[in-house]
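See below for the structure under consideration.
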Amino acid sequence: MPQKLTKLEERAIKLLLKHEETGLLQSELWHKLGVTSREGSRIAIKLEKKGMIKRVKEFAKDRWTRRLVPLIKQVNLDVVRGAPCFSCEFNPVCGREGSVSPNTCLLIEDWLLASYRAYKEAQAKARQKGRRKG
Amino acid sequence: MLLLVDNETIIELAVLVGGEDAGRIMKLLLKKPGITDEELSRSLQIEVREVRRILHKLNEQGILHYELTRDKETGHRIFKWYVGQEQVIGYIITNMNKILDRLRERIEYERSHQFYWCGSQGHPKLVFEDAVEKLFRCPTCGKPLQPHDNSELIQALEWKIEQISKYLEQLEKVRKVEVEQGEARKPAGKKG
């Protein structure tokens, strides 16, 4: 993390990043962190001051509360996981202007087909589950 | 908005670029920023030459940087190694863009050619002109070449191109906000 965070602040951010789009109600976060609301509010204010979250007023569960929305995005390798390019010796010279062409690369082809088939399989399983529930 | 990368991703990247030992080195470096190559070698029981080779490889890729000092007594150079969050994020985004370009090039190629293949895994698929030249025999095993349907590969390419493009767009949006926020802060800082 670029800014110094306490262990609890770091845990809070990690939890919030799991709900990147919608954020979490502060009470939900305190519950997950196992801290009191007083302690939790302090953490939220600190994180807001550090520019890592925004606290949005919201009426929920019959009272006014705050929704904590992360202002950070985690960079990960999910969409390129398994790609052969990172460890390929031709990485610096492969591409349109390079001396090596990806058009005949069997490693790229194997990676794409394997990940596409795994994705299709997961989709089919999810559909089957959905049908069973329905 | 801020872009962040966690330690697990940095270690995963090190393994991809430099192998398992690079992952071990990165793990320790994240724990002890400023550690020297000799300390790394001692702690991990990896030969110092190998440690240096890996560190320089990661440095060449722009994932690590070092600070050079000199031992006051012996005059030997001492390299202190660091991992930069921003450097790592930059490396990941640059390489994702490179992979995306390669996939776009590949899909054009796959869409505009007819392929011939012997059906054996790992053997090349030849375009019509090359297949004619080889008299429709596989250059690896000699089996006859048959027309090959590449529609699944095209679908896989379309899917992956969309996935990577969308992700890069999201990161780019956050990056823009980050830059704008940085610039907005600058004049205020000067005034203060």
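Residues in the structure tokens are named by chain (A, B, ... in the order shown) and by number from 1 within that chain; ligands are numbered from 1 in the order shown.
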When you get a sec, could you note down which chain B residues fall within 7 Å of chain A, using only C-alpha atoms, as a count of residues only?
17
Using backbone DSSP assignments, extract all strand (DSSP E or B) residues from stretch 76-192 of chain B; output them as a list in words.
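Everything in stretch 76-192 of chain B that counts as strand (DSSP E or B) is Arg77, Ile78, Phe79, Lys80, Trp81, Tyr82, Val83, Phe115, Tyr116, Trp117, Leu126, Val127, Arg137, Pro144, Gln146, Pro147 and His148 of chain B.
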Written file, previous selection with N, CA and C atoms, as a PDB file, in the first residue's frame:
```pdb
ATOM      1  N   ARG B  77      31.198  -1.932  -3.827  1.00  0.00           N
ATOM      2  CA  ARG B  77      29.852  -1.377  -4.075  1.00  0.00           C
ATOM      3  C   ARG B  77      28.804  -2.219  -3.364  1.00  0.00           C
ATOM      4  N   ILE B  78      27.815  -1.557  -2.782  1.00  0.00           N
ATOM      5  CA  ILE B  78      26.726  -2.279  -2.116  1.00  0.00           C
ATOM      6  C   ILE B  78      25.409  -1.871  -2.784  1.00  0.00           C
ATOM      7  N   PHE B  79      24.663  -2.860  -3.257  1.00  0.00           N
ATOM      8  CA  PHE B  79      23.361  -2.593  -3.872  1.00  0.00           C
ATOM      9  C   PHE B  79      22.269  -2.854  -2.841  1.00  0.00           C
ATOM     10  N   LYS B  80      21.461  -1.833  -2.588  1.00  0.00           N
ATOM     11  CA  LYS B  80      20.304  -2.027  -1.706  1.00  0.00           C
ATOM     12  C   LYS B  80      19.059  -2.042  -2.587  1.00  0.00           C
ATOM     13  N   TRP B  81      18.245  -3.090  -2.443  1.00  0.00           N
ATOM     14  CA  TRP B  81      17.148  -3.309  -3.405  1.00  0.00           C
ATOM     15  C   TRP B  81      15.773  -2.931  -2.847  1.00  0.00           C
ATOM     16  N   TYR B  82      14.946  -2.385  -3.734  1.00  0.00           N
ATOM     17  CA  TYR B  82      13.596  -1.933  -3.360  1.00  0.00           C
ATOM     18  C   TYR B  82      12.578  -2.335  -4.427  1.00  0.00           C
ATOM     19  N   VAL B  83      11.342  -2.515  -3.989  1.00  0.00           N
ATOM     20  CA  VAL B  83      10.235  -2.764  -4.932  1.00  0.00           C
ATOM     21  C   VAL B  83       9.405  -1.480  -4.967  1.00  0.00           C
ATOM     22  N   PHE B 115      -6.559 -22.486 -42.707  1.00  0.00           N
ATOM     23  CA  PHE B 115      -5.446 -23.261 -42.138  1.00  0.00           C
ATOM     24  C   PHE B 115      -5.553 -24.751 -42.454  1.00  0.00           C
ATOM     25  N   TYR B 116      -4.376 -25.370 -42.489  1.00  0.00           N
ATOM     26  CA  TYR B 116      -4.297 -26.819 -42.743  1.00  0.00           C
ATOM     27  C   TYR B 116      -3.450 -27.441 -41.634  1.00  0.00           C
ATOM     28  N   TRP B 117      -3.948 -28.596 -41.124  1.00  0.00           N
ATOM     29  CA  TRP B 117      -3.295 -29.182 -39.935  1.00  0.00           C
ATOM     30  C   TRP B 117      -3.363 -30.696 -39.996  1.00  0.00           C
ATOM     31  N   LEU B 126      -0.685 -24.777 -40.964  1.00  0.00           N
ATOM     32  CA  LEU B 126      -0.100 -24.025 -42.077  1.00  0.00           C
ATOM     33  C   LEU B 126      -1.172 -23.276 -42.848  1.00  0.00           C
ATOM     34  N   VAL B 127      -0.812 -22.085 -43.340  1.00  0.00           N
ATOM     35  CA  VAL B 127      -1.735 -21.354 -44.213  1.00  0.00           C
ATOM     36  C   VAL B 127      -1.664 -21.999 -45.597  1.00  0.00           C
ATOM     37  N   ARG B 137       1.588 -31.990 -46.669  1.00  0.00           N
ATOM     38  CA  ARG B 137       2.135 -32.948 -45.698  1.00  0.00           C
ATOM     39  C   ARG B 137       2.672 -32.144 -44.510  1.00  0.00           C
ATOM     40  N   PRO B 144      -0.794 -36.393 -43.745  1.00  0.00           N
ATOM     41  CA  PRO B 144      -1.493 -35.471 -44.654  1.00  0.00           C
ATOM     42  C   PRO B 144      -2.173 -34.327 -43.887  1.00  0.00           C
ATOM     43  N   GLN B 146      -5.108 -31.566 -43.341  1.00  0.00           N
ATOM     44  CA  GLN B 146      -6.547 -31.401 -43.618  1.00  0.00           C
ATOM     45  C   GLN B 146      -6.944 -29.966 -43.298  1.00  0.00           C
ATOM     46  N   PRO B 147      -8.003 -29.455 -43.955  1.00  0.00           N
ATOM     47  CA  PRO B 147      -8.474 -28.096 -43.581  1.00  0.00           C
ATOM     48  C   PRO B 147      -8.824 -28.071 -42.096  1.00  0.00           C
ATOM     49  N   HIS B 148      -8.442 -26.989 -41.422  1.00  0.00           N
ATOM     50  CA  HIS B 148      -8.665 -26.884 -39.972  1.00  0.00           C
ATOM     51  C   HIS B 148      -9.642 -25.760 -39.665  1.00  0.00           C
TER      52      HIS B 148
END
```
Could you give me, as a ChimeraX atom specification, the residues within 12 Å of stretch 59-74 of chain B, counting only C-alpha atoms and dropping anything in the same chain fewer than 5 positions from it?
/A:86-87,91-92 /B:10-11,13-14,16-18,22,25-26,29-30,33-37,52-54,79-92,94-95
Applying 9 Å and only C-alpha atoms, which residues near stretch 58-60 of chain A remain after dropping the ones on its own chain fewer than 6 positions away? List them as a list in words.
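Those residues are Leu25, Arg66 and Arg67 of chain A.
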All helix (DSSP H, G or I) residues (DSSP, backbone) inside chain B, as a ChimeraX atom specification
/B:7-18,20-31,37-44,48-60,85-111,128-133,151-191
